[in-house]
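*Asks:* For reference, the structure I am asking about is given below.
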Amino acid sequence: MLFPAPQLLSSPPRVVVTGAGIVTALGIGWDTNAEGFRQGRVALGPVTIFDVSRQRVKIAGEIALPEKLPVSHLSQRRLGRLDRATRLLLLAAQEAWDQSGWSPSHNLPVVLGTTSGGMSLGEAYYRQALQTPHVHRRQAARVIEYQAQRQTLDLADAFGFSGSITIIANACASGANAIGHAWELLRRGHAGRVLTGGYDALSQMVFAGFDSLQALSPTQCRPFDSRRDGLAIGEGAAVLTLETLAHAERRKVAILGEIVGYGAVTDGHHLTQPHPQGDAAFASMTAAARVANVSPEQIDYVNAHGTGTPLNDSAEAAAISRWAGERAATLPVSSTKSSIGHLLGAAGAVETVVCLMALRQQWLPPTSTLQTPDPACTFPIVQKPTAAKLEYALTNSFGFGGANATLILRRWS
Amino acid sequence: MTHARLRRTSPITQYAVAAALEALGHDADNVANGTLRLGVVLCVMSGCVNYSRRFYDETLRDPGTASPLVFPETVFNAPASHIAALLGTTAINYTLIGDPTTFLQGIALAADWLTAKRVDGCLVIGAEESDWLTADAFRLFFRRIILSDGAGALYLKNAANGSPSIQLRAVTDSHLFCHNQSRVQAAKRMRAELPAVSDNHLLCDGLQDLPRLDRAETEAWRDWRGTRLSPKKILGEGLMAAAAWQCVVAIDALKQSHYHAASVSVVGCNQQAIGAHFVQAES
């Protein structure tokens, strides 16, 4: 039963990560991405998958997808119908699944975040419907595969499991909300394990949308720089296998890290602009820290939402400064969007994996494109590859519509 | 509807706001004055398709003139954001996407937030807007389907002592249409999780007189001997809104004391089957 919920546990179980898969413009898989993020390598380049000749901006964090997908239960015919977003999702999920050592079951919940599902298929459908309205070839398949629930069913069928599917579309906070929701499902005793994450592929409509808002940087994405002029769009996916600590210990499996806090708050200031003082971001970090029972003094690294737009970064800088108080002066902050762009519905999930990498390997990922820090930043911004001793990391994700989410992770030792 | 945030919105937001305000009633004042933490769960399948089609059309014509005013309204969570801003709530707010069964998942999620005291009240809204693009797509599968649009909303709170209200008793598991389970099997398993027919028990189903589409649900409820209401036969296939209408119709029947219990059956388009069960608080 989805309701009534199981009896609330007197003490919520600890929730750990036992598998993590990641696909970004830096590459496919943990090792390639970890090295890229550690160095602050910039993986943005010309867009090749749709026409940008008449766009103001022509670069993005596009992924070189492999020809073949991992072996799965999906038929060749079904594999052939998968869109770009689903391919990203399956690649990330395969890595997480293999790492976790999970077996399929009929009661494995999935919680995913996305903003646009199979948008490229929707675009193809629309173009054909306009240009050749009486030709229906491939249109039915596009309608089916366009939908996010179908992509999630593809994922379930690929690995041979089933269970409740929850797809959260909270704009650019979707991935973080999905992981936060999965974490809450485990803490409330709904399940012993949950597959979660976020994914989004580049699409012409979304790219044009951000360009129309003049939110894309015509120069270089430089989060928290005093001369920042916008974000870069990227694509990617990250999938995590979450389970209760007791479940993981029974399986005697390696643990990558622990999720200890989640906060979600709504900013009603404006549909696309944050409150100038970052009120909702402040509340989101406060809520996550309260649940995690940690103070800003205990946080060793903040992976900021840090899009590189003037309004986001100033609001987030104000929020971090206010939230961290005196700790701000020594609290390392960076935005990894300088390397891979803004992955929209995947951003929160990918940045959670970046935090796991940092915690496991004890380094700080730099914002390597930063030149002159914005004076509004009262905190040090990591600019170069840096080794560090980390116990807790916090990651922020904010989205259109005022969706604000914060996750706090702890090193597993 | 004169709020500044609603000026440029497409029909889906206006439908969702209207349904939300009706469901919330006087508690809107308590949200506005900060004494009630209101969660919002918006459920959509097609979502903001009017402005999405319009914006993509503008992009194809000339991306340089595609409207920056339209694009933000294409985002799935735009209606939920407008509702939060209009009501003045900063509490947790999710937009869920999926087939129409997602509305019942939204109800379960709201109930969970209430149980965990995450919120004091929670709106669950199902909304859709009509567009030729959606109609064209559905016509590929069902030529006789009649699509419709609108919204429905439920407002959930923890039961207060002595207040007569309708109680949510159960939301079944998700029964996926997947590699090892057909639509018919999923619908039957959903039905098996709901209580057996009792006196004064209403079934509010999703039949719409399209035999191929109705088959799974028809088979699952073949032996039902109680009263049955099928709102989609009157209102059309409103996707997520229709699932909300089914719940609203069931609850309205309970409120009018026509029945003691009502089960809602939703067999989705391409994801899963889920049911819900409501009772009069006294029963």
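By order in the structure tokens, chains are A, B, ...; within a chain, residues start at 1; ligands start at 1, following the order shown.
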If the cut-off is 6 Å, can you tell me the residues of chain A near chain B, counting only C-alpha atoms? I'd like them as a VMD selection string.
*Replies:* chain A and resid 1 to 4 149 157 164 167 to 170 205 209 212 to 213 264 to 266 268 401
*Asks:* Generate the output file for the selected residues, N, CA and C atoms, as a compact mmCIF listing (two decimals), in the first residue's frame.
*Replies:*
```
# COMPACT_ATOMS: atom_id res chain seq x y z
N MET A 1 0.84 -1.21 0.00
CA MET A 1 0.00 0.00 0.00
C MET A 1 0.87 1.26 0.00
N LEU A 2 0.49 2.23 -0.86
CA LEU A 2 1.17 3.52 -0.79
C LEU A 2 0.70 4.29 0.44
N PHE A 3 -0.57 4.04 0.83
CA PHE A 3 -1.12 4.60 2.06
C PHE A 3 -2.13 3.61 2.61
N PRO A 4 -2.21 3.37 3.91
CA PRO A 4 -1.41 4.00 4.95
C PRO A 4 0.06 3.60 4.87
N GLN A 149 7.46 8.73 -17.79
CA GLN A 149 7.12 7.46 -17.13
C GLN A 149 7.51 6.27 -18.00
N ASP A 157 12.46 -2.19 -16.85
CA ASP A 157 12.50 -3.39 -17.69
C ASP A 157 13.94 -3.77 -18.06
N SER A 164 7.07 1.09 -7.34
CA SER A 164 6.42 2.38 -7.59
C SER A 164 7.40 3.33 -8.28
N ILE A 167 8.12 10.45 -10.43
CA ILE A 167 8.93 11.35 -11.27
C ILE A 167 8.64 12.78 -10.84
N ILE A 168 9.66 13.44 -10.33
CA ILE A 168 9.52 14.80 -9.84
C ILE A 168 10.05 15.76 -10.89
N ALA A 169 9.20 16.71 -11.26
CA ALA A 169 9.58 17.72 -12.27
C ALA A 169 9.54 19.09 -11.60
N ASN A 170 10.49 19.34 -10.74
CA ASN A 170 10.59 20.62 -10.04
C ASN A 170 11.69 21.47 -10.68
N MET A 205 14.47 23.00 -27.88
CA MET A 205 13.52 23.92 -27.27
C MET A 205 14.06 24.51 -25.97
N GLY A 209 15.06 28.24 -25.20
CA GLY A 209 14.36 28.91 -24.10
C GLY A 209 15.31 29.70 -23.22
N SER A 212 16.61 32.58 -25.16
CA SER A 212 15.64 33.69 -25.31
C SER A 212 15.62 34.55 -24.05
N LEU A 213 15.87 33.93 -22.92
CA LEU A 213 15.90 34.68 -21.65
C LEU A 213 17.23 35.41 -21.46
N ALA A 264 13.64 21.23 1.61
CA ALA A 264 12.96 21.67 0.38
C ALA A 264 12.02 22.81 0.74
N VAL A 265 12.17 23.92 0.02
CA VAL A 265 11.42 25.13 0.32
C VAL A 265 10.99 25.78 -0.99
N THR A 266 9.91 26.54 -0.96
CA THR A 266 9.43 27.20 -2.18
C THR A 266 9.61 28.71 -2.07
N GLY A 268 8.45 32.14 -3.52
CA GLY A 268 7.35 32.71 -4.29
C GLY A 268 7.67 34.06 -4.91
N GLY A 401 10.36 28.53 -10.86
CA GLY A 401 9.19 28.26 -10.06
C GLY A 401 9.48 28.31 -8.58
```
*Asks:* Taking only segment 186-374 of chain A into account, list the residues labelled strand (DSSP E or B) by DSSP (computed from the backbone), as number ranges by chain.
*Replies:* A: 193-200, 216, 225, 231, 233-234, 236-244, 257-266, 301-303, 333-334, 342, 363-364, 373
*Asks:* Please return, as a PDB file with N, CA and C atoms, in the first residue's frame, all residues of segment 98-264 of chain B that DSSP assigns to helix (DSSP H, G or I) on the basis of the backbone.
*Replies:*
```pdb
ATOM      1  N   THR B 102      -0.905   8.851 -11.393  1.00  0.00           N
ATOM      2  CA  THR B 102      -0.007   9.667 -10.563  1.00  0.00           C
ATOM      3  C   THR B 102      -0.790  10.522  -9.573  1.00  0.00           C
ATOM      4  N   PHE B 103      -2.024  10.867  -9.936  1.00  0.00           N
ATOM      5  CA  PHE B 103      -2.827  11.674  -9.000  1.00  0.00           C
ATOM      6  C   PHE B 103      -3.023  10.925  -7.681  1.00  0.00           C
ATOM      7  N   LEU B 104      -3.235   9.631  -7.754  1.00  0.00           N
ATOM      8  CA  LEU B 104      -3.422   8.860  -6.517  1.00  0.00           C
ATOM      9  C   LEU B 104      -2.098   8.731  -5.759  1.00  0.00           C
ATOM     10  N   GLN B 105      -1.000   8.663  -6.477  1.00  0.00           N
ATOM     11  CA  GLN B 105       0.313   8.701  -5.798  1.00  0.00           C
ATOM     12  C   GLN B 105       0.478  10.036  -5.085  1.00  0.00           C
ATOM     13  N   GLY B 106      -0.016  11.096  -5.726  1.00  0.00           N
ATOM     14  CA  GLY B 106       0.062  12.424  -5.107  1.00  0.00           C
ATOM     15  C   GLY B 106      -0.716  12.477  -3.808  1.00  0.00           C
ATOM     16  N   ILE B 107      -1.865  11.820  -3.793  1.00  0.00           N
ATOM     17  CA  ILE B 107      -2.670  11.780  -2.557  1.00  0.00           C
ATOM     18  C   ILE B 107      -1.900  11.040  -1.458  1.00  0.00           C
ATOM     19  N   ALA B 108      -1.290   9.915  -1.832  1.00  0.00           N
ATOM     20  CA  ALA B 108      -0.522   9.150  -0.843  1.00  0.00           C
ATOM     21  C   ALA B 108       0.663   9.964  -0.327  1.00  0.00           C
ATOM     22  N   LEU B 109       1.295  10.712  -1.233  1.00  0.00           N
ATOM     23  CA  LEU B 109       2.427  11.550  -0.831  1.00  0.00           C
ATOM     24  C   LEU B 109       1.973  12.627   0.156  1.00  0.00           C
ATOM     25  N   ALA B 110       0.848  13.265  -0.159  1.00  0.00           N
ATOM     26  CA  ALA B 110       0.319  14.304   0.739  1.00  0.00           C
ATOM     27  C   ALA B 110       0.006  13.716   2.106  1.00  0.00           C
ATOM     28  N   ALA B 111      -0.600  12.541   2.109  1.00  0.00           N
ATOM     29  CA  ALA B 111      -0.943  11.895   3.379  1.00  0.00           C
ATOM     30  C   ALA B 111       0.325  11.573   4.172  1.00  0.00           C
ATOM     31  N   ASP B 112       1.365  11.208   3.455  1.00  0.00           N
ATOM     32  CA  ASP B 112       2.635  10.901   4.109  1.00  0.00           C
ATOM     33  C   ASP B 112       3.239  12.156   4.733  1.00  0.00           C
ATOM     34  N   TRP B 113       3.206  13.257   4.000  1.00  0.00           N
ATOM     35  CA  TRP B 113       3.723  14.523   4.542  1.00  0.00           C
ATOM     36  C   TRP B 113       2.938  14.917   5.799  1.00  0.00           C
ATOM     37  N   LEU B 114       1.631  14.697   5.755  1.00  0.00           N
ATOM     38  CA  LEU B 114       0.802  15.044   6.921  1.00  0.00           C
ATOM     39  C   LEU B 114       1.135  14.149   8.110  1.00  0.00           C
ATOM     40  N   THR B 115       1.292  12.864   7.836  1.00  0.00           N
ATOM     41  CA  THR B 115       1.617  11.918   8.910  1.00  0.00           C
ATOM     42  C   THR B 115       2.954  12.274   9.550  1.00  0.00           C
ATOM     43  N   TRP B 132      -4.180  20.876 -29.787  1.00  0.00           N
ATOM     44  CA  TRP B 132      -4.316  19.989 -30.950  1.00  0.00           C
ATOM     45  C   TRP B 132      -3.190  18.960 -30.971  1.00  0.00           C
ATOM     46  N   LEU B 133      -2.059  19.323 -30.391  1.00  0.00           N
ATOM     47  CA  LEU B 133      -0.919  18.407 -30.418  1.00  0.00           C
ATOM     48  C   LEU B 133      -1.229  17.135 -29.614  1.00  0.00           C
ATOM     49  N   THR B 134      -1.830  17.315 -28.437  1.00  0.00           N
ATOM     50  CA  THR B 134      -2.187  16.159 -27.613  1.00  0.00           C
ATOM     51  C   THR B 134      -3.283  15.353 -28.301  1.00  0.00           C
ATOM     52  N   ALA B 135      -4.259  16.054 -28.848  1.00  0.00           N
ATOM     53  CA  ALA B 135      -5.357  15.361 -29.519  1.00  0.00           C
ATOM     54  C   ALA B 135      -4.838  14.558 -30.708  1.00  0.00           C
ATOM     55  N   ASP B 136      -3.923  15.166 -31.459  1.00  0.00           N
ATOM     56  CA  ASP B 136      -3.334  14.499 -32.624  1.00  0.00           C
ATOM     57  C   ASP B 136      -2.588  13.230 -32.185  1.00  0.00           C
ATOM     58  N   ALA B 137      -1.869  13.341 -31.083  1.00  0.00           N
ATOM     59  CA  ALA B 137      -1.099  12.190 -30.595  1.00  0.00           C
ATOM     60  C   ALA B 137      -2.027  11.060 -30.135  1.00  0.00           C
ATOM     61  N   PHE B 138      -3.062  11.385 -29.392  1.00  0.00           N
ATOM     62  CA  PHE B 138      -3.981  10.340 -28.907  1.00  0.00           C
ATOM     63  C   PHE B 138      -4.734   9.684 -30.049  1.00  0.00           C
ATOM     64  N   ARG B 139      -4.979  10.454 -31.102  1.00  0.00           N
ATOM     65  CA  ARG B 139      -5.730   9.913 -32.241  1.00  0.00           C
ATOM     66  C   ARG B 139      -4.966   8.779 -32.928  1.00  0.00           C
ATOM     67  N   ARG B 183      -1.662  -5.073 -18.537  1.00  0.00           N
ATOM     68  CA  ARG B 183      -2.615  -4.086 -18.007  1.00  0.00           C
ATOM     69  C   ARG B 183      -3.722  -4.785 -17.219  1.00  0.00           C
ATOM     70  N   VAL B 184      -4.198  -5.888 -17.764  1.00  0.00           N
ATOM     71  CA  VAL B 184      -5.294  -6.598 -17.095  1.00  0.00           C
ATOM     72  C   VAL B 184      -4.828  -7.123 -15.740  1.00  0.00           C
ATOM     73  N   GLN B 185      -3.655  -7.719 -15.723  1.00  0.00           N
ATOM     74  CA  GLN B 185      -3.131  -8.243 -14.450  1.00  0.00           C
ATOM     75  C   GLN B 185      -2.932  -7.119 -13.434  1.00  0.00           C
ATOM     76  N   ALA B 186      -2.408  -6.008 -13.919  1.00  0.00           N
ATOM     77  CA  ALA B 186      -2.172  -4.870 -13.013  1.00  0.00           C
ATOM     78  C   ALA B 186      -3.496  -4.368 -12.440  1.00  0.00           C
ATOM     79  N   ALA B 187      -4.496  -4.254 -13.301  1.00  0.00           N
ATOM     80  CA  ALA B 187      -5.803  -3.757 -12.846  1.00  0.00           C
ATOM     81  C   ALA B 187      -6.415  -4.727 -11.833  1.00  0.00           C
ATOM     82  N   LYS B 188      -6.288  -6.017 -12.092  1.00  0.00           N
ATOM     83  CA  LYS B 188      -6.861  -7.008 -11.171  1.00  0.00           C
ATOM     84  C   LYS B 188      -6.152  -6.972  -9.817  1.00  0.00           C
ATOM     85  N   ARG B 189      -4.850  -6.787  -9.838  1.00  0.00           N
ATOM     86  CA  ARG B 189      -4.110  -6.732  -8.566  1.00  0.00           C
ATOM     87  C   ARG B 189      -4.468  -5.466  -7.794  1.00  0.00           C
ATOM     88  N   MET B 190      -4.669  -4.391  -8.511  1.00  0.00           N
ATOM     89  CA  MET B 190      -5.112  -3.160  -7.844  1.00  0.00           C
ATOM     90  C   MET B 190      -6.456  -3.393  -7.180  1.00  0.00           C
ATOM     91  N   ARG B 191      -7.369  -3.981  -7.926  1.00  0.00           N
ATOM     92  CA  ARG B 191      -8.712  -4.211  -7.388  1.00  0.00           C
ATOM     93  C   ARG B 191      -8.644  -5.114  -6.138  1.00  0.00           C
ATOM     94  N   ALA B 192      -7.772  -6.125  -6.205  1.00  0.00           N
ATOM     95  CA  ALA B 192      -7.676  -7.068  -5.084  1.00  0.00           C
ATOM     96  C   ALA B 192      -7.196  -6.389  -3.804  1.00  0.00           C
ATOM     97  N   GLU B 193      -6.520  -5.275  -3.933  1.00  0.00           N
ATOM     98  CA  GLU B 193      -6.030  -4.561  -2.739  1.00  0.00           C
ATOM     99  C   GLU B 193      -7.089  -3.668  -2.119  1.00  0.00           C
ATOM    100  N   PRO B 211     -14.047   0.284 -25.801  1.00  0.00           N
ATOM    101  CA  PRO B 211     -13.795  -1.088 -25.335  1.00  0.00           C
ATOM    102  C   PRO B 211     -12.331  -1.470 -25.232  1.00  0.00           C
ATOM    103  N   ARG B 212     -11.527  -1.094 -26.217  1.00  0.00           N
ATOM    104  CA  ARG B 212     -10.122  -1.508 -26.184  1.00  0.00           C
ATOM    105  C   ARG B 212      -9.397  -0.844 -25.000  1.00  0.00           C
ATOM    106  N   LEU B 213      -9.716   0.433 -24.782  1.00  0.00           N
ATOM    107  CA  LEU B 213      -9.084   1.165 -23.685  1.00  0.00           C
ATOM    108  C   LEU B 213      -9.637   0.723 -22.326  1.00  0.00           C
ATOM    109  N   ASP B 214     -10.918   0.376 -22.312  1.00  0.00           N
ATOM    110  CA  ASP B 214     -11.586   0.034 -21.049  1.00  0.00           C
ATOM    111  C   ASP B 214     -11.345  -1.409 -20.610  1.00  0.00           C
ATOM    112  N   ARG B 215     -10.789  -2.228 -21.495  1.00  0.00           N
ATOM    113  CA  ARG B 215     -10.799  -3.670 -21.276  1.00  0.00           C
ATOM    114  C   ARG B 215     -10.232  -4.090 -19.916  1.00  0.00           C
ATOM    115  N   ALA B 216      -9.084  -3.582 -19.569  1.00  0.00           N
ATOM    116  CA  ALA B 216      -8.438  -4.025 -18.320  1.00  0.00           C
ATOM    117  C   ALA B 216      -9.316  -3.687 -17.118  1.00  0.00           C
ATOM    118  N   GLU B 217      -9.846  -2.490 -17.116  1.00  0.00           N
ATOM    119  CA  GLU B 217     -10.654  -2.080 -15.970  1.00  0.00           C
ATOM    120  C   GLU B 217     -11.981  -2.834 -15.942  1.00  0.00           C
ATOM    121  N   THR B 218     -12.542  -3.057 -17.113  1.00  0.00           N
ATOM    122  CA  THR B 218     -13.794  -3.818 -17.188  1.00  0.00           C
ATOM    123  C   THR B 218     -13.599  -5.212 -16.613  1.00  0.00           C
ATOM    124  N   GLU B 219     -12.511  -5.841 -16.994  1.00  0.00           N
ATOM    125  CA  GLU B 219     -12.262  -7.200 -16.493  1.00  0.00           C
ATOM    126  C   GLU B 219     -12.011  -7.202 -14.992  1.00  0.00           C
ATOM    127  N   ALA B 220     -11.282  -6.211 -14.530  1.00  0.00           N
ATOM    128  CA  ALA B 220     -10.956  -6.177 -13.102  1.00  0.00           C
ATOM    129  C   ALA B 220     -12.200  -6.011 -12.233  1.00  0.00           C
ATOM    130  N   PRO B 231     -17.159   9.087 -14.466  1.00  0.00           N
ATOM    131  CA  PRO B 231     -17.177  10.508 -14.870  1.00  0.00           C
ATOM    132  C   PRO B 231     -16.637  10.769 -16.270  1.00  0.00           C
ATOM    133  N   LYS B 232     -15.704   9.936 -16.721  1.00  0.00           N
ATOM    134  CA  LYS B 232     -15.121  10.199 -18.050  1.00  0.00           C
ATOM    135  C   LYS B 232     -16.136  10.016 -19.168  1.00  0.00           C
ATOM    136  N   LYS B 233     -17.186   9.217 -18.908  1.00  0.00           N
ATOM    137  CA  LYS B 233     -18.214   9.052 -19.944  1.00  0.00           C
ATOM    138  C   LYS B 233     -18.936  10.374 -20.189  1.00  0.00           C
ATOM    139  N   ILE B 234     -18.931  11.234 -19.197  1.00  0.00           N
ATOM    140  CA  ILE B 234     -19.600  12.531 -19.329  1.00  0.00           C
ATOM    141  C   ILE B 234     -18.600  13.634 -19.661  1.00  0.00           C
ATOM    142  N   LEU B 235     -17.446  13.576 -19.009  1.00  0.00           N
ATOM    143  CA  LEU B 235     -16.503  14.699 -19.111  1.00  0.00           C
ATOM    144  C   LEU B 235     -15.385  14.471 -20.111  1.00  0.00           C
ATOM    145  N   MET B 240      -4.790  13.563 -16.293  1.00  0.00           N
ATOM    146  CA  MET B 240      -4.604  13.718 -14.844  1.00  0.00           C
ATOM    147  C   MET B 240      -5.815  14.402 -14.207  1.00  0.00           C
ATOM    148  N   ALA B 241      -6.395  15.350 -14.930  1.00  0.00           N
ATOM    149  CA  ALA B 241      -7.575  16.028 -14.386  1.00  0.00           C
ATOM    150  C   ALA B 241      -8.701  15.022 -14.175  1.00  0.00           C
ATOM    151  N   ALA B 242      -8.818  14.054 -15.081  1.00  0.00           N
ATOM    152  CA  ALA B 242      -9.907  13.086 -14.976  1.00  0.00           C
ATOM    153  C   ALA B 242      -9.754  12.206 -13.739  1.00  0.00           C
ATOM    154  N   ALA B 243      -8.520  11.845 -13.421  1.00  0.00           N
ATOM    155  CA  ALA B 243      -8.300  11.062 -12.194  1.00  0.00           C
ATOM    156  C   ALA B 243      -8.717  11.890 -10.980  1.00  0.00           C
ATOM    157  N   ALA B 244      -8.427  13.183 -11.044  1.00  0.00           N
ATOM    158  CA  ALA B 244      -8.843  14.064  -9.944  1.00  0.00           C
ATOM    159  C   ALA B 244     -10.366  14.156  -9.886  1.00  0.00           C
ATOM    160  N   TRP B 245     -10.993  14.245 -11.053  1.00  0.00           N
ATOM    161  CA  TRP B 245     -12.467  14.320 -11.076  1.00  0.00           C
ATOM    162  C   TRP B 245     -13.070  13.058 -10.464  1.00  0.00           C
ATOM    163  N   GLN B 246     -12.498  11.922 -10.778  1.00  0.00           N
ATOM    164  CA  GLN B 246     -13.022  10.673 -10.206  1.00  0.00           C
ATOM    165  C   GLN B 246     -13.015  10.750  -8.678  1.00  0.00           C
ATOM    166  N   CYS B 247     -11.922  11.249  -8.132  1.00  0.00           N
ATOM    167  CA  CYS B 247     -11.838  11.357  -6.664  1.00  0.00           C
ATOM    168  C   CYS B 247     -12.829  12.388  -6.140  1.00  0.00           C
ATOM    169  N   VAL B 248     -12.945  13.499  -6.835  1.00  0.00           N
ATOM    170  CA  VAL B 248     -13.864  14.553  -6.376  1.00  0.00           C
ATOM    171  C   VAL B 248     -15.304  14.046  -6.417  1.00  0.00           C
ATOM    172  N   VAL B 249     -15.658  13.349  -7.470  1.00  0.00           N
ATOM    173  CA  VAL B 249     -17.016  12.796  -7.585  1.00  0.00           C
ATOM    174  C   VAL B 249     -17.277  11.805  -6.445  1.00  0.00           C
ATOM    175  N   ALA B 250     -16.302  10.947  -6.178  1.00  0.00           N
ATOM    176  CA  ALA B 250     -16.457   9.961  -5.104  1.00  0.00           C
ATOM    177  C   ALA B 250     -16.637  10.651  -3.756  1.00  0.00           C
ATOM    178  N   ILE B 251     -15.834  11.672  -3.513  1.00  0.00           N
ATOM    179  CA  ILE B 251     -15.901  12.362  -2.222  1.00  0.00           C
ATOM    180  C   ILE B 251     -17.195  13.158  -2.103  1.00  0.00           C
ATOM    181  N   ASP B 252     -17.615  13.738  -3.199  1.00  0.00           N
ATOM    182  CA  ASP B 252     -18.873  14.491  -3.171  1.00  0.00           C
ATOM    183  C   ASP B 252     -20.046  13.565  -2.833  1.00  0.00           C
ATOM    184  N   ALA B 253     -20.010  12.366  -3.403  1.00  0.00           N
ATOM    185  CA  ALA B 253     -21.082  11.405  -3.107  1.00  0.00           C
ATOM    186  C   ALA B 253     -21.076  11.026  -1.628  1.00  0.00           C
ATOM    187  N   LEU B 254     -19.888  10.901  -1.055  1.00  0.00           N
ATOM    188  CA  LEU B 254     -19.801  10.606   0.373  1.00  0.00           C
ATOM    189  C   LEU B 254     -20.284  11.786   1.206  1.00  0.00           C
ATOM    190  N   LYS B 255     -19.900  12.978   0.786  1.00  0.00           N
ATOM    191  CA  LYS B 255     -20.300  14.167   1.547  1.00  0.00           C
ATOM    192  C   LYS B 255     -21.812  14.330   1.576  1.00  0.00           C
TER     193      LYS B 255
END
```
*Asks:* Give me the residues near Leu69 of chain A as a ChimeraX atom specification, where near means some atom within 8 Å (using only C-alpha atoms) and where sequence neighbours in that chain fewer than 4 positions away do not count.
*Replies:* /A:87,90-91
*Asks:* Contacts of Leu26 of chain A at 9 Å or less, counting only C-alpha atoms, minus same-chain residues fewer than 4 places along, as a list of chain:residue names?
*Replies:*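 After dropping sequence-adjacent residues, the list is A:Thr32, A:Asn33, A:Gly36, A:Phe37, A:Arg41, A:Val42, A:Ala43, A:Leu44, A:Gly61, A:Ile63, A:Ser339, A:Ile340.
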*Asks:* Kindly save the residues from that selection, with C-alpha atoms included, as a CSV table (one decimal), in the first residue's frame.
*Replies:*
```csv
chain,number,residue,atom,x,y,z
A,32,THR,CA,36.6,9.8,-15.7
A,33,ASN,CA,34.2,12.3,-14.0
A,36,GLY,CA,37.6,15.9,-14.5
A,37,PHE,CA,35.9,17.5,-11.5
A,41,ARG,CA,38.4,20.5,-16.5
A,42,VAL,CA,36.0,22.4,-18.8
A,43,ALA,CA,34.0,20.1,-21.1
A,44,LEU,CA,31.9,22.6,-22.9
A,61,GLY,CA,28.0,20.5,-22.4
A,63,ILE,CA,28.0,14.2,-24.4
A,339,SER,CA,33.0,22.3,-16.0
A,340,ILE,CA,29.8,20.6,-17.4
```
*Asks:* May I have the residues within 8 Å of Gly150 of chain B as a list in words, using only C-alpha atoms and disregarding those fewer than 2 positions away in the same chain?
*Replies:*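 In the requested format, the answer is Ile12, Tyr15, Ala16, Ala127, Glu128, Glu129, Ser148, Gly152, Gly238 and Ala241 of chain B.
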*Asks:* Quick one: everything within 6 Å of segment 193-200 of chain A, counting only C-alpha atoms, minus sequence neighbours fewer than 6 positions away in the same chain. Send it as a PDB file with C-alpha atoms, in the first residue's frame.
*Replies:*
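Contents of around.pdb, freshly written:
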```
ATOM      1  CA  ALA A  85      17.726  11.106 -22.405  1.00  0.00           C
ATOM      2  CA  LEU A  89      19.716   7.388 -17.803  1.00  0.00           C
ATOM      3  CA  PRO A 109      10.800   2.011  -5.802  1.00  0.00           C
ATOM      4  CA  VAL A 110      12.289   4.432  -8.319  1.00  0.00           C
ATOM      5  CA  VAL A 111      12.361   8.190  -7.792  1.00  0.00           C
ATOM      6  CA  LEU A 112      13.733  10.257 -10.657  1.00  0.00           C
ATOM      7  CA  GLY A 113      13.972  13.939 -11.466  1.00  0.00           C
ATOM      8  CA  THR A 114      13.746  15.399 -14.946  1.00  0.00           C
ATOM      9  CA  GLY A 175      17.327  15.764  -9.226  1.00  0.00           C
ATOM     10  CA  ILE A 179      17.135  12.059  -4.046  1.00  0.00           C
ATOM     11  CA  GLU A 235      23.196  17.256 -20.345  1.00  0.00           C
ATOM     12  CA  GLY A 236      23.735  14.170 -18.278  1.00  0.00           C
ATOM     13  CA  ALA A 237      22.462  11.755 -15.704  1.00  0.00           C
ATOM     14  CA  ALA A 238      23.342  10.469 -12.287  1.00  0.00           C
ATOM     15  CA  VAL A 239      21.767   7.504 -10.549  1.00  0.00           C
ATOM     16  CA  LEU A 240      22.223   6.431  -6.944  1.00  0.00           C
ATOM     17  CA  THR A 241      21.332   3.222  -5.157  1.00  0.00           C
ATOM     18  CA  LEU A 242      20.175   4.207  -1.689  1.00  0.00           C
ATOM     19  CA  GLU A 243      19.507   1.758   1.089  1.00  0.00           C
ATOM     20  CA  GLY A 345      16.835  18.012 -13.962  1.00  0.00           C
ATOM     21  CA  ALA A 346      20.073  16.056 -13.652  1.00  0.00           C
ATOM     22  CA  ALA A 349      21.835  14.294  -8.839  1.00  0.00           C
TER      23      ALA A 349
END
```
*Asks:* Could you list, as a list in words, every residue within 9 Å of Phe207 of chain A, counting only C-alpha atoms and ignoring same-chain residues fewer than 3 positions away?
*Replies:*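 The residues that qualify are Val52, Gln55, Ala60, Leu202, Ser203, Gln204, Phe210, Asp211, Ser212, Leu216 and Ile233 of chain A.
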*Asks:* With C-alpha atoms retained, could you export that selection as a PDB file, in the first residue's frame?
*Replies:*
```pdb
ATOM      1  CA  VAL A  52      22.187  26.532 -33.271  1.00  0.00           C
ATOM      2  CA  GLN A  55      21.064  31.152 -31.600  1.00  0.00           C
ATOM      3  CA  ALA A  60      26.912  23.473 -24.380  1.00  0.00           C
ATOM      4  CA  LEU A 202      20.015  18.615 -24.527  1.00  0.00           C
ATOM      5  CA  SER A 203      17.060  19.688 -26.615  1.00  0.00           C
ATOM      6  CA  GLN A 204      16.534  22.491 -29.042  1.00  0.00           C
ATOM      7  CA  PHE A 210      17.353  29.767 -21.971  1.00  0.00           C
ATOM      8  CA  ASP A 211      18.862  31.677 -24.892  1.00  0.00           C
ATOM      9  CA  SER A 212      15.642  33.689 -25.305  1.00  0.00           C
ATOM     10  CA  LEU A 216      23.166  31.699 -21.532  1.00  0.00           C
ATOM     11  CA  ILE A 233      23.503  24.323 -20.652  1.00  0.00           C
TER      12      ILE A 233
END
```
